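Structure data follow from work14.cif (mmCIF, C-alpha atoms and all ligand atoms):
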data_start
#
loop_
_atom_site.label_atom_id
_atom_site.label_comp_id
_atom_site.auth_asym_id
_atom_site.auth_seq_id
_atom_site.Cartn_x
_atom_site.Cartn_y
_atom_site.Cartn_z
CA MET A 3 0.00 0.00 0.00
CA GLU A 4 0.99 3.65 -0.51
CA ILE A 5 1.60 4.26 3.19
CA ASN A 6 3.88 1.21 3.49
CA ARG A 7 5.84 2.39 0.47
CA LEU A 8 6.21 5.78 2.11
CA ASN A 9 7.50 4.07 5.26
CA ASN A 10 10.05 2.02 3.27
CA LEU A 11 11.27 5.10 1.42
CA ILE A 12 11.70 7.04 4.67
CA ASN A 13 13.45 4.11 6.38
CA ASN A 14 15.93 3.76 3.52
CA ALA A 15 16.62 7.47 3.03
CA ASN A 16 19.72 9.16 4.44
CA ASN A 17 19.19 12.72 3.38
CA ILE A 18 15.61 13.98 3.18
CA TYR A 19 14.47 17.37 1.85
CA LEU A 20 11.15 19.03 2.58
CA ALA A 21 10.13 22.27 0.86
CA SER A 22 7.34 24.80 1.12
CA HIS A 23 5.16 25.86 -1.77
CA VAL A 24 5.35 29.46 -3.00
CA ASN A 25 3.67 31.95 -0.64
CA PRO A 26 3.28 29.30 2.07
CA ASP A 27 0.16 29.20 4.25
CA GLY A 28 -0.61 27.65 7.64
CA ASP A 29 -1.39 24.20 6.25
CA ASN A 30 1.87 24.16 4.33
CA ILE A 31 4.10 25.46 7.16
CA GLY A 32 2.30 23.38 9.82
CA SER A 33 2.54 20.20 7.73
CA LEU A 34 6.22 20.79 6.93
CA LEU A 35 7.17 21.39 10.56
CA ALA A 36 5.15 18.35 11.69
CA MET A 37 6.91 16.13 9.14
CA PHE A 38 10.27 17.72 10.01
CA LYS A 39 9.84 16.92 13.71
CA ILE A 40 8.61 13.36 13.01
CA LEU A 41 11.66 12.70 10.83
CA LYS A 42 13.93 14.17 13.53
CA ASN A 43 12.22 11.92 16.08
CA LEU A 44 13.03 9.02 13.74
CA ASN A 45 16.69 10.19 13.77
CA LYS A 46 16.72 11.11 10.11
CA GLU A 47 18.94 13.71 8.44
CA VAL A 48 16.39 16.22 7.20
CA HIS A 49 16.52 19.68 5.59
CA LEU A 50 13.54 22.00 5.58
CA ILE A 51 13.57 24.49 2.69
CA ILE A 52 11.46 27.64 2.95
CA ASN A 53 12.42 30.15 0.26
CA ASP A 54 9.44 32.49 0.68
CA GLU A 55 8.38 34.50 3.67
CA VAL A 56 6.61 32.68 6.52
CA PRO A 57 3.32 34.43 7.49
CA ASP A 58 3.62 36.26 10.82
CA SER A 59 0.73 34.20 12.18
CA ASN A 60 2.84 31.02 11.82
CA LYS A 61 6.07 32.36 13.33
CA PHE A 62 5.30 30.91 16.78
CA LEU A 63 5.58 27.35 15.48
CA PRO A 64 8.37 25.16 16.89
CA ASN A 65 11.56 24.40 14.90
CA LEU A 66 11.12 27.15 12.30
CA GLU A 67 14.68 28.21 13.16
CA TYR A 68 15.89 25.15 11.23
CA ALA A 69 14.40 26.40 7.94
CA GLU A 70 16.98 26.94 5.19
CA LYS A 71 17.08 28.64 1.79
CA SER A 72 17.62 26.28 -1.15
CA GLU A 73 20.64 28.30 -2.34
CA ASN A 74 22.57 27.19 0.74
CA LEU A 75 22.16 23.49 -0.02
CA ASP A 76 24.66 21.84 -2.33
CA LEU A 77 23.93 18.18 -1.67
CA LYS A 78 21.29 16.35 -3.66
CA SER A 79 18.67 14.66 -1.53
CA ASP A 80 17.89 10.98 -1.87
CA LEU A 81 14.28 11.64 -0.87
CA PHE A 82 12.30 14.83 -1.46
CA ILE A 83 8.85 15.24 0.06
CA ALA A 84 6.44 17.95 -1.15
CA LEU A 85 3.53 18.73 1.17
CA ASP A 86 0.32 20.65 0.33
CA CYS A 87 1.59 21.27 -3.17
CA ALA A 88 -0.84 20.81 -6.08
CA ASP A 89 1.67 20.83 -8.92
CA LEU A 90 5.38 21.18 -9.69
CA ASP A 91 5.20 24.90 -10.43
CA ARG A 92 3.93 25.56 -6.90
CA LEU A 93 7.41 24.48 -5.71
CA GLY A 94 8.81 27.66 -7.26
CA ARG A 95 12.58 27.68 -7.52
CA VAL A 96 13.11 24.33 -5.74
CA LYS A 97 11.39 22.56 -8.65
CA ASP A 98 14.75 21.55 -10.20
CA LEU A 99 16.14 20.36 -6.87
CA PHE A 100 12.99 18.26 -6.47
CA LEU A 101 13.32 16.73 -9.94
CA ASP A 102 17.05 16.06 -9.33
CA SER A 103 16.47 13.98 -6.23
CA GLU A 104 16.63 10.19 -6.27
CA THR A 105 13.02 9.66 -5.19
CA THR A 106 10.11 12.08 -4.83
CA ILE A 107 6.96 12.00 -2.73
CA ASN A 108 3.86 14.21 -3.01
CA ILE A 109 1.48 14.28 -0.03
CA ASP A 110 -1.48 16.59 -0.65
CA HIS A 111 -5.22 17.23 -0.52
CA HIS A 112 -5.80 19.45 -3.58
CA PHE A 113 -8.47 18.20 -5.97
CA SER A 114 -6.37 19.54 -8.84
CA ASN A 115 -3.18 17.69 -7.79
CA THR A 116 -1.25 16.50 -10.84
CA ASN A 117 0.40 13.42 -9.20
CA PHE A 118 3.84 14.77 -10.12
CA ALA A 119 6.02 12.56 -7.88
CA ASP A 120 7.24 8.93 -7.80
CA LEU A 121 4.89 8.26 -4.90
CA ASN A 122 1.68 10.29 -4.69
CA ILE A 123 -0.48 10.20 -1.58
CA VAL A 124 -3.32 12.53 -2.51
CA ASN A 125 -6.70 12.62 -0.82
CA SER A 126 -8.92 15.52 -1.85
CA LYS A 127 -11.42 14.55 0.87
CA ALA A 128 -8.94 15.59 3.57
CA SER A 129 -9.69 19.08 4.90
CA ALA A 130 -5.98 19.87 5.08
CA THR A 131 -2.66 18.23 4.31
CA GLY A 132 -2.22 18.24 8.10
CA GLU A 133 -5.26 15.96 8.46
CA LEU A 134 -3.83 13.51 5.93
CA LEU A 135 -0.46 13.58 7.69
CA TYR A 136 -2.07 12.72 11.02
CA THR A 137 -3.66 9.64 9.41
CA ILE A 138 -0.29 8.61 7.99
CA PHE A 139 1.61 9.14 11.26
CA GLU A 140 -1.04 7.27 13.25
CA ASN A 141 -1.09 4.33 10.84
CA LEU A 142 2.69 4.04 10.80
CA LYS A 143 2.86 4.50 14.59
CA TYR A 144 5.27 7.40 14.11
CA PRO A 145 6.27 9.28 17.29
CA ILE A 146 3.76 12.16 17.53
CA ASP A 147 4.69 14.59 20.33
CA THR A 148 3.37 17.96 21.55
CA GLU A 149 5.30 19.87 18.85
CA VAL A 150 4.04 17.63 16.05
CA ALA A 151 0.47 17.92 17.36
CA THR A 152 0.78 21.74 17.60
CA CYS A 153 1.87 21.92 13.95
CA LEU A 154 -0.87 19.55 12.73
CA TYR A 155 -3.56 21.44 14.67
CA THR A 156 -2.27 24.69 13.12
CA ALA A 157 -2.35 23.16 9.64
CA ILE A 158 -5.94 21.97 9.98
CA ALA A 159 -7.27 25.07 11.79
CA SER A 160 -5.67 27.28 9.08
CA ASP A 161 -7.05 25.47 6.04
CA THR A 162 -10.56 25.06 7.46
CA GLY A 163 -11.00 28.68 8.64
CA SER A 164 -11.05 27.34 12.19
CA PHE A 165 -13.20 24.28 11.33
CA LYS A 166 -15.87 26.24 9.42
CA TYR A 167 -15.51 25.21 5.77
CA ASP A 168 -17.41 22.59 3.75
CA SER A 169 -14.24 20.49 3.67
CA VAL A 170 -14.61 19.71 7.40
CA THR A 171 -15.96 16.22 8.14
CA SER A 172 -16.65 14.21 11.29
CA TYR A 173 -13.23 12.66 10.71
CA THR A 174 -11.61 16.12 10.89
CA PHE A 175 -13.03 16.50 14.40
CA GLU A 176 -11.85 12.98 15.33
CA VAL A 177 -8.32 13.99 14.34
CA ILE A 178 -8.58 17.27 16.26
CA ALA A 179 -9.89 15.41 19.33
CA LYS A 180 -6.83 13.13 19.22
CA LEU A 181 -4.43 16.05 18.69
CA LEU A 182 -5.82 17.72 21.81
CA THR A 183 -4.65 14.73 23.89
CA TYR A 184 -0.99 15.64 23.23
CA GLY A 185 -1.02 18.64 25.56
CA ILE A 186 -1.05 21.39 22.94
CA ASN A 187 -1.79 25.01 23.85
CA LYS A 188 -4.84 25.59 21.64
CA SER A 189 -5.48 29.05 23.03
CA GLU A 190 -1.97 30.19 22.05
CA ILE A 191 -2.38 28.65 18.58
CA ASN A 192 -5.75 30.28 17.98
CA ILE A 193 -4.60 33.71 19.15
CA ASN A 194 -1.59 33.50 16.83
CA LEU A 195 -3.65 32.33 13.88
CA PHE A 196 -6.80 34.38 14.20
CA GLN A 197 -6.38 37.28 16.64
CA ASN A 198 -3.00 38.64 15.73
CA ARG A 199 -3.44 40.96 12.72
CA SER A 200 -0.62 43.50 12.58
CA LEU A 201 -1.31 47.20 12.18
CA GLU A 202 0.30 47.18 8.69
CA LYS A 203 -1.90 44.28 7.66
CA THR A 204 -4.98 46.07 9.01
CA LYS A 205 -4.08 49.22 7.02
CA LEU A 206 -3.73 47.14 3.85
CA LEU A 207 -7.13 45.57 4.56
CA VAL A 208 -8.72 49.01 4.82
CA LYS A 209 -7.07 50.16 1.55
CA ALA A 210 -8.19 47.01 -0.23
CA LEU A 211 -11.76 47.33 1.06
CA ASN A 212 -11.89 50.83 -0.42
CA THR A 213 -11.49 49.30 -3.90
CA LEU A 214 -14.48 46.98 -3.48
CA GLU A 215 -16.66 46.65 -6.59
CA LEU A 216 -19.82 44.59 -6.70
CA PHE A 217 -21.43 42.75 -9.61
CA GLU A 218 -24.44 40.54 -10.30
CA GLU A 219 -26.70 41.95 -7.56
CA ASN A 220 -23.83 42.01 -5.05
CA LYS A 221 -23.08 38.29 -5.42
CA ILE A 222 -19.60 38.97 -6.80
CA GLY A 223 -17.16 41.18 -4.89
CA VAL A 224 -13.83 42.28 -6.34
CA VAL A 225 -10.94 44.03 -4.62
CA THR A 226 -7.54 44.98 -6.03
CA ILE A 227 -4.18 45.72 -4.47
CA SER A 228 -1.69 47.62 -6.60
CA ASP A 229 2.09 47.46 -6.30
CA GLU A 230 1.97 51.17 -5.48
CA ILE A 231 -0.19 50.63 -2.38
CA MET A 232 2.00 47.76 -1.19
CA LEU A 233 5.06 49.96 -1.53
CA LYS A 234 3.40 52.97 0.12
CA LEU A 235 2.35 50.95 3.16
CA GLY A 236 5.58 48.95 3.28
CA ALA A 237 3.37 45.84 3.29
CA LYS A 238 4.60 42.25 2.92
CA ILE A 239 3.07 39.76 0.50
CA SER A 240 1.59 37.76 3.38
CA ASP A 241 -0.12 40.95 4.66
CA ALA A 242 -2.68 40.36 1.89
CA ASP A 243 -3.68 37.00 3.42
CA GLY A 244 -7.22 37.06 4.79
CA ILE A 245 -8.50 39.95 2.66
CA VAL A 246 -10.34 37.78 0.15
CA GLU A 247 -12.01 35.89 3.02
CA PHE A 248 -13.19 39.22 4.42
CA ILE A 249 -14.99 39.88 1.10
CA ARG A 250 -16.45 36.36 1.03
CA ASP A 251 -17.89 36.91 4.52
CA ILE A 252 -20.08 39.82 3.35
CA SER A 253 -23.68 38.63 3.36
CA GLY A 254 -24.99 37.72 -0.08
CA ILE A 255 -21.53 37.35 -1.64
CA GLU A 256 -21.00 34.06 -3.48
CA ILE A 257 -17.72 34.82 -5.27
CA ALA A 258 -14.94 36.88 -3.69
CA ILE A 259 -12.06 37.97 -5.90
CA LEU A 260 -8.73 39.52 -4.94
CA LEU A 261 -6.35 40.69 -7.65
CA LYS A 262 -2.91 41.56 -6.43
CA GLU A 263 -0.31 43.19 -8.61
CA LYS A 264 3.15 41.69 -8.30
CA LYS A 265 5.63 43.31 -10.70
CA ASP A 266 4.73 41.95 -14.17
CA ASN A 267 1.95 39.59 -13.11
CA ILE A 268 -1.28 39.43 -11.13
CA ARG A 269 -1.98 36.96 -8.32
CA LEU A 270 -5.62 35.93 -8.35
CA SER A 271 -7.24 34.67 -5.15
CA LEU A 272 -10.77 33.30 -5.26
CA ARG A 273 -13.19 32.26 -2.54
CA THR A 274 -16.74 31.02 -2.98
CA LYS A 275 -19.36 30.61 -0.28
CA SER A 276 -21.82 27.87 -1.08
CA PHE A 277 -22.25 26.63 -4.66
CA VAL A 278 -19.80 28.02 -7.21
CA ASN A 279 -16.75 25.86 -7.97
CA ALA A 280 -13.76 28.21 -7.64
CA ILE A 281 -11.49 25.77 -9.51
CA ASN A 282 -13.53 26.35 -12.69
CA ILE A 283 -12.76 30.08 -12.58
CA ALA A 284 -9.08 29.59 -11.63
CA SER A 285 -8.52 27.00 -14.34
CA THR A 286 -9.52 29.57 -17.00
CA PHE A 287 -6.18 31.16 -16.03
CA ASP A 288 -4.21 27.88 -15.66
CA GLY A 289 -4.60 27.94 -11.88
CA GLY A 290 -6.26 25.51 -9.50
CA GLY A 291 -6.97 24.77 -5.87
CA HIS A 292 -10.10 23.68 -4.06
CA ILE A 293 -13.84 24.02 -4.70
CA ARG A 294 -14.19 26.98 -2.29
CA ALA A 295 -10.65 28.41 -2.52
CA ALA A 296 -8.55 28.65 -5.65
CA GLY A 297 -5.95 30.84 -7.28
CA ALA A 298 -3.85 31.55 -10.33
CA THR A 299 -1.15 33.82 -11.72
CA ILE A 300 -2.23 36.00 -14.63
CA TYR A 301 0.30 37.59 -16.95
CA LEU A 302 -1.76 40.64 -17.95
CA PRO A 303 -2.08 44.25 -16.75
CA LEU A 304 -4.30 44.66 -13.69
CA GLU A 305 -7.31 46.20 -15.46
CA THR A 306 -7.33 43.62 -18.27
CA ALA A 307 -6.95 40.76 -15.79
CA LYS A 308 -9.80 42.18 -13.73
CA GLU A 309 -12.16 42.34 -16.71
CA LYS A 310 -11.38 38.76 -17.70
CA VAL A 311 -11.78 37.39 -14.16
CA ILE A 312 -15.11 39.18 -13.65
CA LYS A 313 -16.36 37.76 -16.97
CA ALA A 314 -15.31 34.23 -15.96
CA ALA A 315 -16.92 34.66 -12.52
CA ILE A 316 -20.22 35.89 -13.98
CA GLY A 317 -20.22 32.91 -16.35
CA GLU A 318 -19.66 30.47 -13.49
CA LEU A 319 -22.23 32.14 -11.23
CA ASN A 320 -24.97 31.86 -13.84
CA LYS A 321 -24.05 28.40 -15.12
P1 LIG A 401 -4.70 31.58 -2.11
O1 LIG A 401 -5.83 32.38 -2.62
O2 LIG A 401 -4.74 31.42 -0.64
O3 LIG A 401 -3.38 32.00 -2.65
O4 LIG A 401 -4.90 30.10 -2.71
C1 LIG A 401 -6.10 29.43 -2.51
C2 LIG A 401 -5.96 28.00 -2.95
O5 LIG A 401 -5.72 27.92 -4.34
C3 LIG A 401 -4.81 27.28 -2.27
O6 LIG A 401 -5.28 26.01 -1.87
C4 LIG A 401 -3.76 27.14 -3.32
O7 LIG A 401 -3.11 25.94 -3.21
C5 LIG A 401 -4.53 27.23 -4.63
N1 LIG A 401 -3.77 28.02 -5.59
C6 LIG A 401 -3.45 29.32 -5.50
N2 LIG A 401 -2.75 29.73 -6.57
C7 LIG A 401 -2.63 28.66 -7.39
C8 LIG A 401 -1.99 28.44 -8.66
O8 LIG A 401 -1.41 29.33 -9.26
N3 LIG A 401 -2.08 27.17 -9.16
C9 LIG A 401 -2.74 26.16 -8.51
N4 LIG A 401 -2.77 24.95 -9.07
N5 LIG A 401 -3.32 26.35 -7.32
C10 LIG A 401 -3.29 27.56 -6.76
MN MN A 402 -1.38 25.60 0.94
MN MN A 403 -3.82 22.89 2.14
#

I'd like the structure from this file rewritten - as structure tokens, please.
Ligand code: 5GP
Ligand code: MN
Ligand code: MN
Amino acid sequence: MEINRLNNLINNANNIYLASHVNPDGDNIGSLLAMFKILKNLNKEVHLIINDEVPDSNKFLPNLEYAEKSENLDLKSDLFIALDCADLDRLGRVKDLFLDSETTINIDHHFSNTNFADLNIVNSKASATGELLYTIFENLKYPIDTEVATCLYTAIASDTGSFKYDSVTSYTFEVIAKLLTYGINKSEININLFQNRSLEKTKLLVKALNTLELFEENKIGVVTISDEIMLKLGAKISDADGIVEFIRDISGIEIAILLKEKKDNIRLSLRTKSFVNAINIASTFDGGGHIRAAGATIYLPLETAKEKVIKAAIGELNK
């Protein structure tokens, strides 16, 4: 079975790499740190590569100080594990390092996952990669400790909007119930994740909200963030996290759209509330993700990208 193959590959590996996806989120960082600690507990040589900025809300997590940039690694790994990564491009500039390694593993929960590794453990029914990892660790009787449980709880709480989204199942709560038996500080985790917005981030939220445009009887909400605003506020990329959810949470909104200028391209973030499949809109622009949360990179000027995304969203809303 897949899980036994994973176990054999880990047992036989000497030098294991783990890497974040571009613009990592709580599920990605939490899953990586959980796997990192498990592999350390198994006395493995493991390198954790995080090239992009870690969101402030995840900086409390244990063992982040071991994260390295890929440029500082010269060895090839004999096993490379990608977590929460839907396709090879999401690995950003570690893609080549991944492809160069002896064996590759892809553990993920994205519906649009392209099964890009030698061993693919993909379950789109899992609410988070962290949920899937718990199942794997439990089945293989891997040594879960308080730090591992803290990271897995963070991963699941992050990707489910604190256990609110459609992706949450009774099994998600079973996993959470078990994680709570490891002595984690859930109050500290929740404050860090959900009650810790910096002043800069709040200012960016206000600026973004000022650009709100509504379409289709207020069922579609669009906000934009220009490079100029980012520069003016001295905001970080991760400061834009949470803005698109804020739009989704407006009553009556079905499709929330955030377009963020980033030099010569536009990052599209999509959230839907109850019936529109966000993947269908994102895939118009070669992106992907989940039914209620998807994204893409669009290589067009902001205004042109906006027009095209609104058109695609209207089409999907009225399908
Ligand atoms: P976010 O809006 O938070 O950046 O992304 C929402 C979801 O869409 C995440 O689950 C993420 O993995 C997925 N996603 C975002 N951008 C892309 C993209 O360019 N390609 C693919 N395949 N998925 C994306
Ligand atoms: Mn992710
Ligand atoms: Mn995820």

Q | Residue list as a list in words for point (5.6, 5.5, 4.6), cut-off 10 Å, only C-alpha atoms | A |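 Every residue inside that radius is included here: Met3, Glu4, Ile5, Asn6, Arg7, Leu8, Asn9, Asn10, Leu11, Ile12, Asn13, Ile107, Leu121, Ile123, Ile138, Phe139, Asn141, Leu142 and Tyr144 of chain A.
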
Q | Separation of atom CA of A:Ile255 from atom O1 of ligand LIG 401 (chain A), in Å and rounded to one decimal | A | 16.5 Å

Q. Quick one: residues within 8 Å of ligand LIG 401 (chain A), with all atoms listed in the file, as a PyMOL selection string?
A. chain A and resi 25+27+86-89+91-92+112+114-115+243+246+269-273+284+288-292+295-299

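Distances here use all atoms listed in the file; by that measure, the residue among A:Glu104, A:Asp110, A:Glu70, A:Asp76 closest to ligand MN 403 (chain A) is A:Asp110.
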
Q.
Just the number, please: distance in Å from atom CA of A:Thr226 to atom CA of A:Asp251, one decimal.
A.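 Taking atom CA of A:Thr226 and atom CA of A:Asp251, their separation equals 16.8 Å.
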
Q. Which residues, written as a count of residues only, have at least one atom at most 9 Å from A:Tyr68, with only C-alpha atoms counted and residues fewer than 6 positions away on the same chain left out?
A. 3

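Excluding A:Asn43 itself and any same-chain residue fewer than 5 positions from it, the protein and nucleic acid residues within 10 Å of it, counting all atoms listed in the file, are A:Met37, A:Phe38, A:Tyr144, A:Pro145, A:Ile146, A:Asp147, A:Val150.
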
Q: Please measure the separation of atom CA of A:Pro57 and atom CA of A:Ser276, giving the value in Å to one decimal.
A: 27.4 Å
